[in-house]
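Here is the file model.tsv (TSV, C-alpha atoms and all ligand atoms).
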chain	number	residue	atom	x	y	z
X	24	MET	CA	118.52	13.83	74.32
X	25	SER	CA	116.10	11.58	76.05
X	26	PHE	CA	116.47	12.53	79.75
X	27	MET	CA	115.65	16.05	80.87
X	28	ARG	CA	115.64	17.68	84.28
X	29	LEU	CA	112.68	19.93	85.13
X	30	PRO	CA	111.66	21.67	88.35
X	31	GLY	CA	109.29	19.67	90.61
X	32	LEU	CA	105.76	20.11	89.32
X	33	ILE	CA	103.12	21.92	91.38
X	34	ASP	CA	99.48	20.87	91.09
X	35	PRO	CA	97.27	23.64	92.45
X	36	HIS	CA	94.07	21.56	92.30
X	37	VAL	CA	93.76	18.09	93.86
X	38	HIS	CA	91.09	16.33	95.94
X	39	LEU	CA	92.58	13.94	98.50
X	40	ARG	CA	89.37	12.81	100.32
X	41	ASP	CA	91.04	12.76	103.72
X	42	PRO	CA	89.10	13.05	106.03
X	43	GLY	CA	85.81	11.50	104.99
X	44	HIS	CA	86.32	9.23	102.00
X	45	THR	CA	89.74	7.69	102.53
X	46	TYR	CA	88.67	4.54	100.67
X	47	LYS	CA	88.84	6.74	97.52
X	48	GLU	CA	92.16	8.42	98.46
X	49	ASP	CA	94.07	9.65	101.47
X	50	TRP	CA	97.15	11.78	102.10
X	51	ASP	CA	99.37	8.70	101.71
X	52	SER	CA	97.96	7.28	98.45
X	53	GLY	CA	97.23	10.70	96.93
X	54	THR	CA	100.74	12.03	97.48
X	55	ALA	CA	102.30	8.74	96.28
X	56	SER	CA	100.25	9.25	93.12
X	57	ALA	CA	101.52	12.85	92.92
X	58	ILE	CA	105.18	11.84	93.18
X	59	ALA	CA	104.74	9.06	90.61
X	60	GLY	CA	103.30	11.70	88.29
X	61	GLY	CA	106.19	14.17	88.79
X	62	TYR	CA	104.50	16.48	91.31
X	63	THR	CA	106.50	17.55	94.35
X	64	CYS	CA	103.83	19.88	95.72
X	65	VAL	CA	100.03	19.60	95.70
X	66	LEU	CA	97.42	22.07	96.91
X	67	ALA	CA	94.42	20.23	98.34
X	68	MET	CA	90.82	21.30	97.84
X	69	PRO	CA	88.58	21.84	100.89
X	70	ASN	CA	85.58	19.67	99.88
X	71	THR	CA	86.54	16.88	102.25
X	72	SER	CA	83.98	15.48	104.67
X	73	PRO	CA	83.71	17.55	106.79
X	74	PRO	CA	84.91	20.40	104.60
X	75	VAL	CA	87.75	22.76	105.59
X	76	THR	CA	85.70	25.76	106.67
X	77	ASP	CA	87.11	26.69	110.09
X	78	PRO	CA	90.39	26.64	112.07
X	79	ASP	CA	89.64	23.36	113.90
X	80	ARG	CA	89.04	21.49	110.67
X	81	PHE	CA	92.13	23.07	109.16
X	82	GLU	CA	94.24	21.85	112.10
X	83	SER	CA	92.86	18.34	111.83
X	84	ILE	CA	93.52	18.07	108.09
X	85	ILE	CA	97.02	19.43	108.60
X	86	SER	CA	97.78	16.86	111.25
X	87	ALA	CA	96.66	14.04	108.89
X	88	ALA	CA	98.83	15.52	106.14
X	89	ARG	CA	101.83	15.93	108.46
X	90	GLU	CA	101.61	12.26	109.35
X	91	LYS	CA	100.97	10.83	105.88
X	92	ALA	CA	102.05	13.15	103.05
X	93	ARG	CA	104.94	12.00	100.87
X	94	CYS	CA	105.30	15.27	98.97
X	95	ASP	CA	104.93	18.91	99.98
X	96	TYR	CA	101.44	20.31	100.25
X	97	GLY	CA	99.12	23.18	100.95
X	98	VAL	CA	95.42	23.19	101.83
X	99	TYR	CA	92.65	25.56	100.78
X	100	ALA	CA	89.76	26.76	102.92
X	101	GLY	CA	86.22	26.59	101.56
X	102	GLY	CA	83.81	29.51	101.59
X	103	SER	CA	80.36	28.70	102.96
X	104	SER	CA	77.29	30.85	103.49
X	105	THR	CA	78.02	30.99	107.23
X	106	ASN	CA	81.79	31.57	107.37
X	107	THR	CA	82.20	34.82	105.40
X	108	ALA	CA	83.44	36.70	108.46
X	109	SER	CA	85.24	33.90	110.32
X	110	VAL	CA	87.15	32.25	107.46
X	111	SER	CA	89.51	35.20	107.11
X	112	LYS	CA	91.13	34.03	110.38
X	113	LEU	CA	92.61	31.31	108.18
X	114	SER	CA	93.88	33.63	105.48
X	115	LYS	CA	97.53	33.49	106.54
X	116	LYS	CA	97.52	29.72	107.04
X	117	VAL	CA	95.75	28.28	104.01
X	118	SER	CA	96.87	28.33	100.37
X	119	GLY	CA	93.76	30.26	99.37
X	120	LEU	CA	89.97	30.41	99.64
X	121	LYS	CA	87.89	28.28	97.26
X	122	LEU	CA	84.38	29.33	96.30
X	123	TYR	CA	82.08	26.85	94.56
X	124	LEU	CA	79.58	28.67	92.37
X	125	ASN	CA	78.37	25.63	90.42
X	126	ASP	CA	77.23	22.11	91.29
X	127	THR	CA	80.03	20.05	92.71
X	128	PHE	CA	80.85	17.02	94.85
X	129	GLY	CA	80.12	17.71	98.53
X	130	ASP	CA	78.09	20.50	100.05
X	131	LEU	CA	80.24	23.61	99.59
X	132	ARG	CA	78.21	25.07	96.74
X	133	LEU	CA	77.43	28.70	97.57
X	134	ASP	CA	73.88	29.73	97.00
X	135	GLY	CA	73.13	33.31	96.22
X	136	LEU	CA	75.00	36.34	95.04
X	137	HIS	CA	75.09	37.74	98.56
X	138	SER	CA	77.46	35.06	99.91
X	139	ILE	CA	79.75	35.24	96.89
X	140	ASN	CA	79.93	39.01	97.12
X	141	ALA	CA	80.57	38.93	100.87
X	142	HIS	CA	83.51	36.51	100.48
X	143	MET	CA	84.96	38.60	97.68
X	144	ALA	CA	84.74	41.70	99.87
X	145	VAL	CA	86.29	40.17	102.98
X	146	TRP	CA	89.02	37.77	101.79
X	147	PRO	CA	92.32	39.71	101.72
X	148	ASP	CA	93.31	40.80	98.24
X	149	ASN	CA	96.87	39.54	98.69
X	150	ARG	CA	95.72	35.97	99.38
X	151	PRO	CA	94.59	33.70	96.53
X	152	LEU	CA	90.84	33.47	95.89
X	153	LEU	CA	89.80	30.59	93.63
X	154	CYS	CA	86.43	30.07	92.00
X	155	HIS	CA	84.68	27.16	90.38
X	156	ALA	CA	82.72	29.38	88.00
X	157	GLU	CA	81.38	27.94	84.75
X	158	GLY	CA	79.52	29.76	81.99
X	159	TYR	CA	77.53	32.72	83.32
X	160	MET	CA	79.18	32.30	86.70
X	161	ALA	CA	82.54	33.22	85.15
X	162	ALA	CA	80.99	36.57	84.21
X	163	VAL	CA	79.65	37.01	87.75
X	164	VAL	CA	83.10	36.36	89.24
X	165	LEU	CA	84.87	38.73	86.85
X	166	MET	CA	82.32	41.47	87.53
X	167	LEU	CA	82.66	41.11	91.32
X	168	ALA	CA	86.47	40.97	91.12
X	169	MET	CA	86.37	44.19	89.13
X	170	LEU	CA	84.07	45.88	91.64
X	171	HIS	CA	86.22	44.78	94.57
X	172	ARG	CA	89.43	45.57	92.65
X	173	ARG	CA	90.85	42.22	93.54
X	174	SER	CA	92.61	39.26	91.95
X	175	VAL	CA	90.80	36.00	91.28
X	176	HIS	CA	91.81	32.59	89.96
X	177	ILE	CA	89.27	30.66	87.87
X	178	CYS	CA	89.57	26.89	88.20
X	179	HIS	CA	89.33	24.30	85.42
X	180	VAL	CA	88.23	26.57	82.56
X	181	SER	CA	86.69	24.29	79.96
X	182	ARG	CA	84.71	26.33	77.41
X	183	LYS	CA	85.48	28.79	74.66
X	184	GLU	CA	83.08	31.38	76.09
X	185	GLU	CA	84.94	31.32	79.42
X	186	ILE	CA	88.39	31.67	77.83
X	187	ASP	CA	87.09	34.53	75.66
X	188	LEU	CA	85.77	36.34	78.72
X	189	ILE	CA	89.00	35.84	80.68
X	190	ARG	CA	91.06	37.05	77.72
X	191	ALA	CA	88.90	40.19	77.47
X	192	ALA	CA	89.17	40.82	81.23
X	193	ARG	CA	92.96	40.49	81.10
X	194	GLU	CA	93.18	42.85	78.15
X	195	ARG	CA	91.43	45.39	80.36
X	196	GLY	CA	94.01	44.86	83.10
X	197	LEU	CA	91.99	42.73	85.52
X	198	PRO	CA	94.31	40.51	87.60
X	199	VAL	CA	92.53	37.27	86.71
X	200	THR	CA	94.40	33.99	86.36
X	201	CYS	CA	93.13	30.58	85.32
X	202	GLU	CA	93.91	26.92	84.94
X	203	VAL	CA	92.88	24.13	82.56
X	204	THR	CA	92.95	20.38	83.14
X	205	PRO	CA	94.70	17.75	81.01
X	206	HIS	CA	91.38	15.91	80.58
X	207	HIS	CA	89.71	18.94	78.99
X	208	LEU	CA	92.77	19.35	76.74
X	209	PHE	CA	92.77	15.73	75.62
X	210	MET	CA	89.12	14.60	75.76
X	211	THR	CA	85.87	15.99	74.37
X	212	ASP	CA	82.23	14.95	74.57
X	213	ALA	CA	82.89	12.73	71.54
X	214	ASP	CA	85.00	10.46	73.79
X	215	ILE	CA	82.07	9.62	76.07
X	216	ASP	CA	81.31	5.91	75.88
X	217	PRO	CA	77.52	5.61	76.35
X	218	ILE	CA	77.89	2.09	77.77
X	219	VAL	CA	79.88	3.36	80.76
X	220	ARG	CA	78.63	6.95	80.76
X	221	GLY	CA	79.20	7.39	84.52
X	222	ARG	CA	82.95	7.10	84.03
X	223	TYR	CA	82.88	10.25	81.93
X	224	VAL	CA	80.95	12.34	84.44
X	225	VAL	CA	83.20	15.17	85.50
X	226	SER	CA	82.71	18.72	86.62
X	227	PRO	CA	83.04	20.79	84.44
X	228	ARG	CA	81.76	18.26	81.92
X	229	LEU	CA	83.66	17.22	78.79
X	230	ASN	CA	82.87	19.86	76.18
X	231	THR	CA	83.08	20.18	72.40
X	232	GLN	CA	86.02	20.11	70.01
X	233	SER	CA	85.64	23.84	69.48
X	234	ASP	CA	85.88	24.40	73.26
X	235	GLN	CA	89.00	22.24	73.38
X	236	ASN	CA	90.58	24.17	70.50
X	237	ALA	CA	89.95	27.39	72.43
X	238	LEU	CA	91.78	25.98	75.46
X	239	TRP	CA	94.85	25.15	73.34
X	240	GLN	CA	94.64	28.61	71.79
X	241	GLY	CA	94.47	30.09	75.30
X	242	ILE	CA	97.68	28.22	76.15
X	243	ALA	CA	99.38	29.55	73.02
X	244	ASP	CA	98.21	33.12	73.77
X	245	GLY	CA	99.29	33.08	77.41
X	246	VAL	CA	95.70	33.42	78.67
X	247	VAL	CA	95.95	30.06	80.45
X	248	ASP	CA	98.34	30.26	83.41
X	249	CYS	CA	98.39	26.75	84.84
X	250	ILE	CA	97.73	23.12	84.06
X	251	ALA	CA	95.94	21.65	87.10
X	252	THR	CA	94.85	18.02	87.19
X	253	ASP	CA	91.69	18.47	89.31
X	254	HIS	CA	92.58	14.95	90.50
X	255	ALA	CA	89.15	13.88	91.81
X	256	PRO	CA	89.25	10.17	92.66
X	257	HIS	CA	86.10	8.07	93.04
X	258	THR	CA	85.97	4.27	92.82
X	259	LEU	CA	84.97	2.51	89.62
X	260	GLN	CA	82.03	0.98	91.44
X	261	GLU	CA	80.80	4.49	92.28
X	262	LYS	CA	81.42	5.72	88.73
X	263	ASP	CA	79.42	2.78	87.32
X	264	SER	CA	76.54	3.28	89.79
X	265	GLN	CA	73.12	4.84	89.15
X	266	ASN	CA	74.32	8.14	90.56
X	267	PRO	CA	77.96	8.55	89.49
X	268	PRO	CA	79.90	11.24	91.35
X	269	PRO	CA	81.80	13.68	89.11
X	270	GLY	CA	85.57	13.45	88.81
X	271	PHE	CA	88.61	11.84	87.22
X	272	PRO	CA	91.92	10.84	88.78
X	273	GLY	CA	94.69	12.69	86.96
X	274	LEU	CA	97.96	12.90	88.87
X	275	GLU	CA	99.61	9.93	87.13
X	276	THR	CA	98.71	10.86	83.55
X	277	GLY	CA	98.89	14.69	83.45
X	278	LEU	CA	102.60	15.16	82.82
X	279	ALA	CA	102.88	12.35	80.26
X	280	LEU	CA	99.95	13.81	78.30
X	281	MET	CA	101.61	17.22	78.31
X	282	LEU	CA	104.99	15.74	77.32
X	283	GLY	CA	103.18	14.19	74.35
X	284	ALA	CA	101.94	17.65	73.44
X	285	VAL	CA	105.52	18.95	73.56
X	286	ARG	CA	106.62	16.09	71.33
X	287	GLY	CA	103.76	16.87	68.94
X	288	GLY	CA	104.78	20.55	68.76
X	289	ARG	CA	101.68	21.94	70.51
X	290	LEU	CA	103.77	23.69	73.15
X	291	THR	CA	107.41	24.09	74.07
X	292	MET	CA	109.08	22.53	77.09
X	293	ASP	CA	109.65	26.03	78.46
X	294	LEU	CA	105.92	26.71	78.30
X	295	LEU	CA	105.17	23.37	79.98
X	296	VAL	CA	107.44	24.39	82.87
X	297	GLU	CA	105.69	27.76	83.10
X	298	LEU	CA	102.25	26.10	83.23
X	299	MET	CA	103.17	23.32	85.64
X	300	HIS	CA	105.71	24.98	87.93
X	301	ILE	CA	106.52	28.67	87.48
X	302	ASN	CA	103.00	30.08	87.27
X	303	PRO	CA	101.44	27.95	90.04
X	304	ALA	CA	104.35	28.95	92.32
X	305	ARG	CA	103.84	32.63	91.46
X	306	ILE	CA	100.03	32.72	91.67
X	307	PHE	CA	99.88	30.80	94.95
X	308	ARG	CA	103.00	32.57	96.30
X	309	LEU	CA	104.74	29.32	97.20
X	310	ALA	CA	108.17	29.33	98.79
X	311	PRO	CA	110.72	27.58	96.53
X	312	GLN	CA	111.47	23.94	97.31
X	313	PRO	CA	115.28	23.72	97.33
X	314	GLU	CA	117.04	20.78	95.59
X	315	THR	CA	113.71	19.66	94.19
X	316	TRP	CA	113.52	18.45	90.61
X	317	ILE	CA	112.23	15.72	88.36
X	318	GLU	CA	113.92	13.84	85.55
X	319	VAL	CA	111.73	12.90	82.61
X	320	ASP	CA	112.42	10.28	79.97
X	321	MET	CA	111.14	11.75	76.72
X	322	ASN	CA	111.51	8.49	74.80
X	323	LYS	CA	109.73	6.05	77.06
X	324	LYS	CA	106.55	4.64	75.54
X	325	TRP	CA	103.94	3.22	77.86
X	326	GLU	CA	100.28	2.36	78.02
X	327	VAL	CA	97.92	3.56	80.75
X	328	ASN	CA	97.06	0.67	83.06
X	329	ALA	CA	95.57	2.12	86.20
X	330	SER	CA	95.91	-1.11	88.15
X	331	GLY	CA	99.59	-0.14	88.52
X	332	PHE	CA	98.82	3.40	89.67
X	333	HIS	CA	99.27	4.58	93.23
X	334	SER	CA	95.92	6.33	93.50
X	335	ARG	CA	93.51	4.28	95.58
X	336	CYS	CA	90.65	4.76	93.13
X	337	GLY	CA	92.13	2.15	90.76
X	338	TRP	CA	90.95	3.40	87.37
X	339	SER	CA	91.69	6.09	84.78
X	340	PRO	CA	89.60	7.71	82.04
X	341	PHE	CA	92.73	7.29	79.87
X	342	GLU	CA	92.94	3.51	80.41
X	343	GLY	CA	94.65	1.79	77.47
X	344	ILE	CA	95.91	4.90	75.72
X	345	LYS	CA	99.51	4.99	74.59
X	346	LEU	CA	101.72	7.74	76.00
X	347	HIS	CA	105.18	8.84	75.07
X	348	GLY	CA	107.33	10.27	77.88
X	349	CYS	CA	107.33	9.62	81.61
X	350	VAL	CA	108.85	10.53	84.97
X	351	ASN	CA	112.06	8.66	85.68
X	352	LYS	CA	113.30	10.20	88.93
X	353	VAL	CA	112.05	12.71	91.49
X	354	SER	CA	114.12	14.59	94.07
X	355	LEU	CA	112.31	16.29	96.95
X	356	ARG	CA	114.54	18.59	98.98
X	357	SER	CA	117.70	16.56	98.10
X	358	LYS	CA	116.11	13.16	98.69
X	359	VAL	CA	115.35	10.81	95.77
X	360	VAL	CA	111.69	9.97	96.38
X	361	TYR	CA	110.94	8.22	93.07
X	362	SER	CA	113.13	6.14	90.81
X	363	ASN	CA	112.44	3.58	88.07
X	364	GLY	CA	108.75	3.27	88.75
X	365	GLU	CA	109.07	3.03	92.51
X	366	VAL	CA	107.92	5.58	95.11
X	367	LEU	CA	110.77	5.72	97.64
X	368	GLY	CA	109.64	8.74	99.62
X	369	CYS	CA	108.13	7.78	102.95
X	370	VAL	CA	104.90	8.93	104.53
X	371	GLY	CA	105.60	11.98	106.65
X	372	ASN	CA	108.29	13.27	104.24
X	373	GLY	CA	106.01	16.03	103.00
X	374	ARG	CA	106.16	19.54	104.44
X	375	TYR	CA	103.57	22.26	104.51
X	376	VAL	CA	104.61	24.66	101.77
X	377	ASN	CA	104.96	28.17	103.09
X	378	GLN	CA	103.53	31.12	101.23
X	379	LEU	CA	105.61	34.18	100.52
N	401	LIG	C1	85.36	17.24	92.17
N	401	LIG	C2	85.30	16.23	93.31
N	401	LIG	O1	84.97	15.07	93.07
N	401	LIG	O2	85.63	16.59	94.44
N	401	LIG	N1	84.83	16.64	91.00
N	401	LIG	C3	85.06	16.99	89.73
N	401	LIG	O3	84.41	16.44	88.84
N	401	LIG	N2	85.98	17.87	89.42
N	401	LIG	C4	84.62	18.46	92.58
N	401	LIG	C5	84.95	19.67	91.80
N	401	LIG	O4	86.12	20.01	91.56
N	401	LIG	O5	83.99	20.38	91.41
N	402	ZN	ZN	88.13	20.14	91.74
Here is a file; write its structure as structure tokens.
Amino acid sequence: MSFMRLPGLIDPHVHLRDPGHTYKEDWDSGTASAIAGGYTCVLAMPNTSPPVTDPDRFESIISAAREKARCDYGVYAGGSSTNTASVSKLSKKVSGLKLYLNDTFGDLRLDGLHSINAHMAVWPDNRPLLCHAEGYMAAVVLMLAMLHRRSVHICHVSRKEEIDLIRAARERGLPVTCEVTPHHLFMTDADIDPIVRGRYVVSPRLNTQSDQNALWQGIADGVVDCIATDHAPHTLQEKDSQNPPPGFPGLETGLALMLGAVRGGRLTMDLLVELMHINPARIFRLAPQPETWIEVDMNKKWEVNASGFHSRCGWSPFEGIKLHGCVNKVSLRSKVVYSNGEVLGCVGNGRYVNQL
């Protein structure tokens, strides 16, 4: 059987650059890219310019999304060193609180244990708390979550040592969840082309084959909960500059890469649906989207050519690779919003996804 119906995919980690850098992406182009990739709901990261750190900025990002989004969406708040007390006013409105513990794009990186600890103490335990926490920082986050007896979600896990730590924490009953990206599952440091090194700059960086094997093992063991694209668009000119910003676009390649893994026997279709729909919906407590589904064509072969993508950034780290399987049709709340390669859903179709 070549056509299969799956629930609409949920991407819990995208950067849409609106406001601030709309020449890279905005709510219109980013959600068109999402729909073309099989996503019917995206949760947007707060490192916009300015970042989403207070109620006024939240309202302004929501009004841009209301006007332009083509698929359903949520927005995270960002923890800063000055909003530990005030950001909890947003806890019932946003999809979660994101803490940046490592270098990243923008200025949300938290400096000092004190700020991290204060956010962990104050953010309500029944609202998602997400951390960018690589290497030693993963241990810091797990320790603090244990002390505060709270849940935590670790973003884009990319190394064996991090997966091992998360596995050990879960075995001890800690409510920690995590996500991995398609690019860390399908690329390693051996793929970096030294001639265009800037194009391979991403945070967390591309790691070793042994790290990648550990991520696949984590998927097989149930330690990995979600596949999240970490769609982080920057223009090719910026990527090829002296100071390339970190990030890859990923919304239009993620599902096809994962369908290839199903075809290759690395995971089952049921597990794909868990990683890309069921678990993100559960972890981020998202209300179901009725009459929302995607139809995938398992037999379609195609080659990545980012000039045909909907993302405004216009390039892909997977350019030229051959994929097997694609999205054929997308229904968002009863409306066909994608069919035969065309995004039919209009701007403003998207709704803020409520949390249960
Ligand atoms: C992200 C971005 O560009 O906003 N870049 C990235 O490489 N993932 C920032 C981030 O997620 O750390
Ligand atoms: Zn990110």
**OP:** With all atoms listed in the file counted, collect every polymer residue having an atom within 8 Å of ligand ZN 402 (chain N); state the result as an MDAnalysis selection string.
**Re:** chainID X and resid 36:38 68 155 178:179 226 253:255 270
**OP:** Within 9 Å of Ile301 in chain X, counting only C-alpha atoms, which residues show up once you throw out same-chain ones fewer than 3 positions away? Write them as a PyMOL selection string, please.
**Re:** chain X and resi 30+32-33+249+296-298+304-306
Store the residues picked out above, limited to C-alpha atoms, as a PDB file, keeping the file's coordinate frame.
ATOM      1  CA  PRO X  30     111.660  21.670  88.350  1.00  0.00           C
ATOM      2  CA  LEU X  32     105.760  20.110  89.320  1.00  0.00           C
ATOM      3  CA  ILE X  33     103.120  21.920  91.380  1.00  0.00           C
ATOM      4  CA  CYS X 249      98.390  26.750  84.840  1.00  0.00           C
ATOM      5  CA  VAL X 296     107.440  24.390  82.870  1.00  0.00           C
ATOM      6  CA  GLU X 297     105.690  27.760  83.100  1.00  0.00           C
ATOM      7  CA  LEU X 298     102.250  26.100  83.230  1.00  0.00           C
ATOM      8  CA  ALA X 304     104.350  28.950  92.320  1.00  0.00           C
ATOM      9  CA  ARG X 305     103.840  32.630  91.460  1.00  0.00           C
ATOM     10  CA  ILE X 306     100.030  32.720  91.670  1.00  0.00           C
TER      11      ILE X 306
END
Padding 8 Å on every side, please: axis-aligned box over the listed atoms of ligand LIG 401 (chain N), centre and edge lengths to one decimal in Å, as JSON.
{"center_x": 85.1, "center_y": 17.7, "center_z": 91.6, "size_x": 18.1, "size_y": 21.3, "size_z": 21.6}
Original post:
Using all atoms listed in the file, which of the listed residues (X:Phe307, X:Trp146, X:Tyr123, X:Trp338) sits closest to Arg222 in chain X?
Top reply: X:Trp338
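The closest residue to Ala67 in chain X, picked from X:Gly119, X:Gly221, X:Gly43, X:Gly102 and counting only C-alpha atoms, is X:Gly119.
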**OP:** Using only C-alpha atoms, determine which residues lie at most 12 Å from Thr204 in chain X, disregarding the query and same-chain residues fewer than 5 positions distant; provide the list as a VMD selection string.
**Re:** chain X and resid 34 to 37 177 to 182 209 to 210 225 to 229 235 238 to 239 242 247 to 255 270 to 274 276 to 278 280 to 281 298 to 299
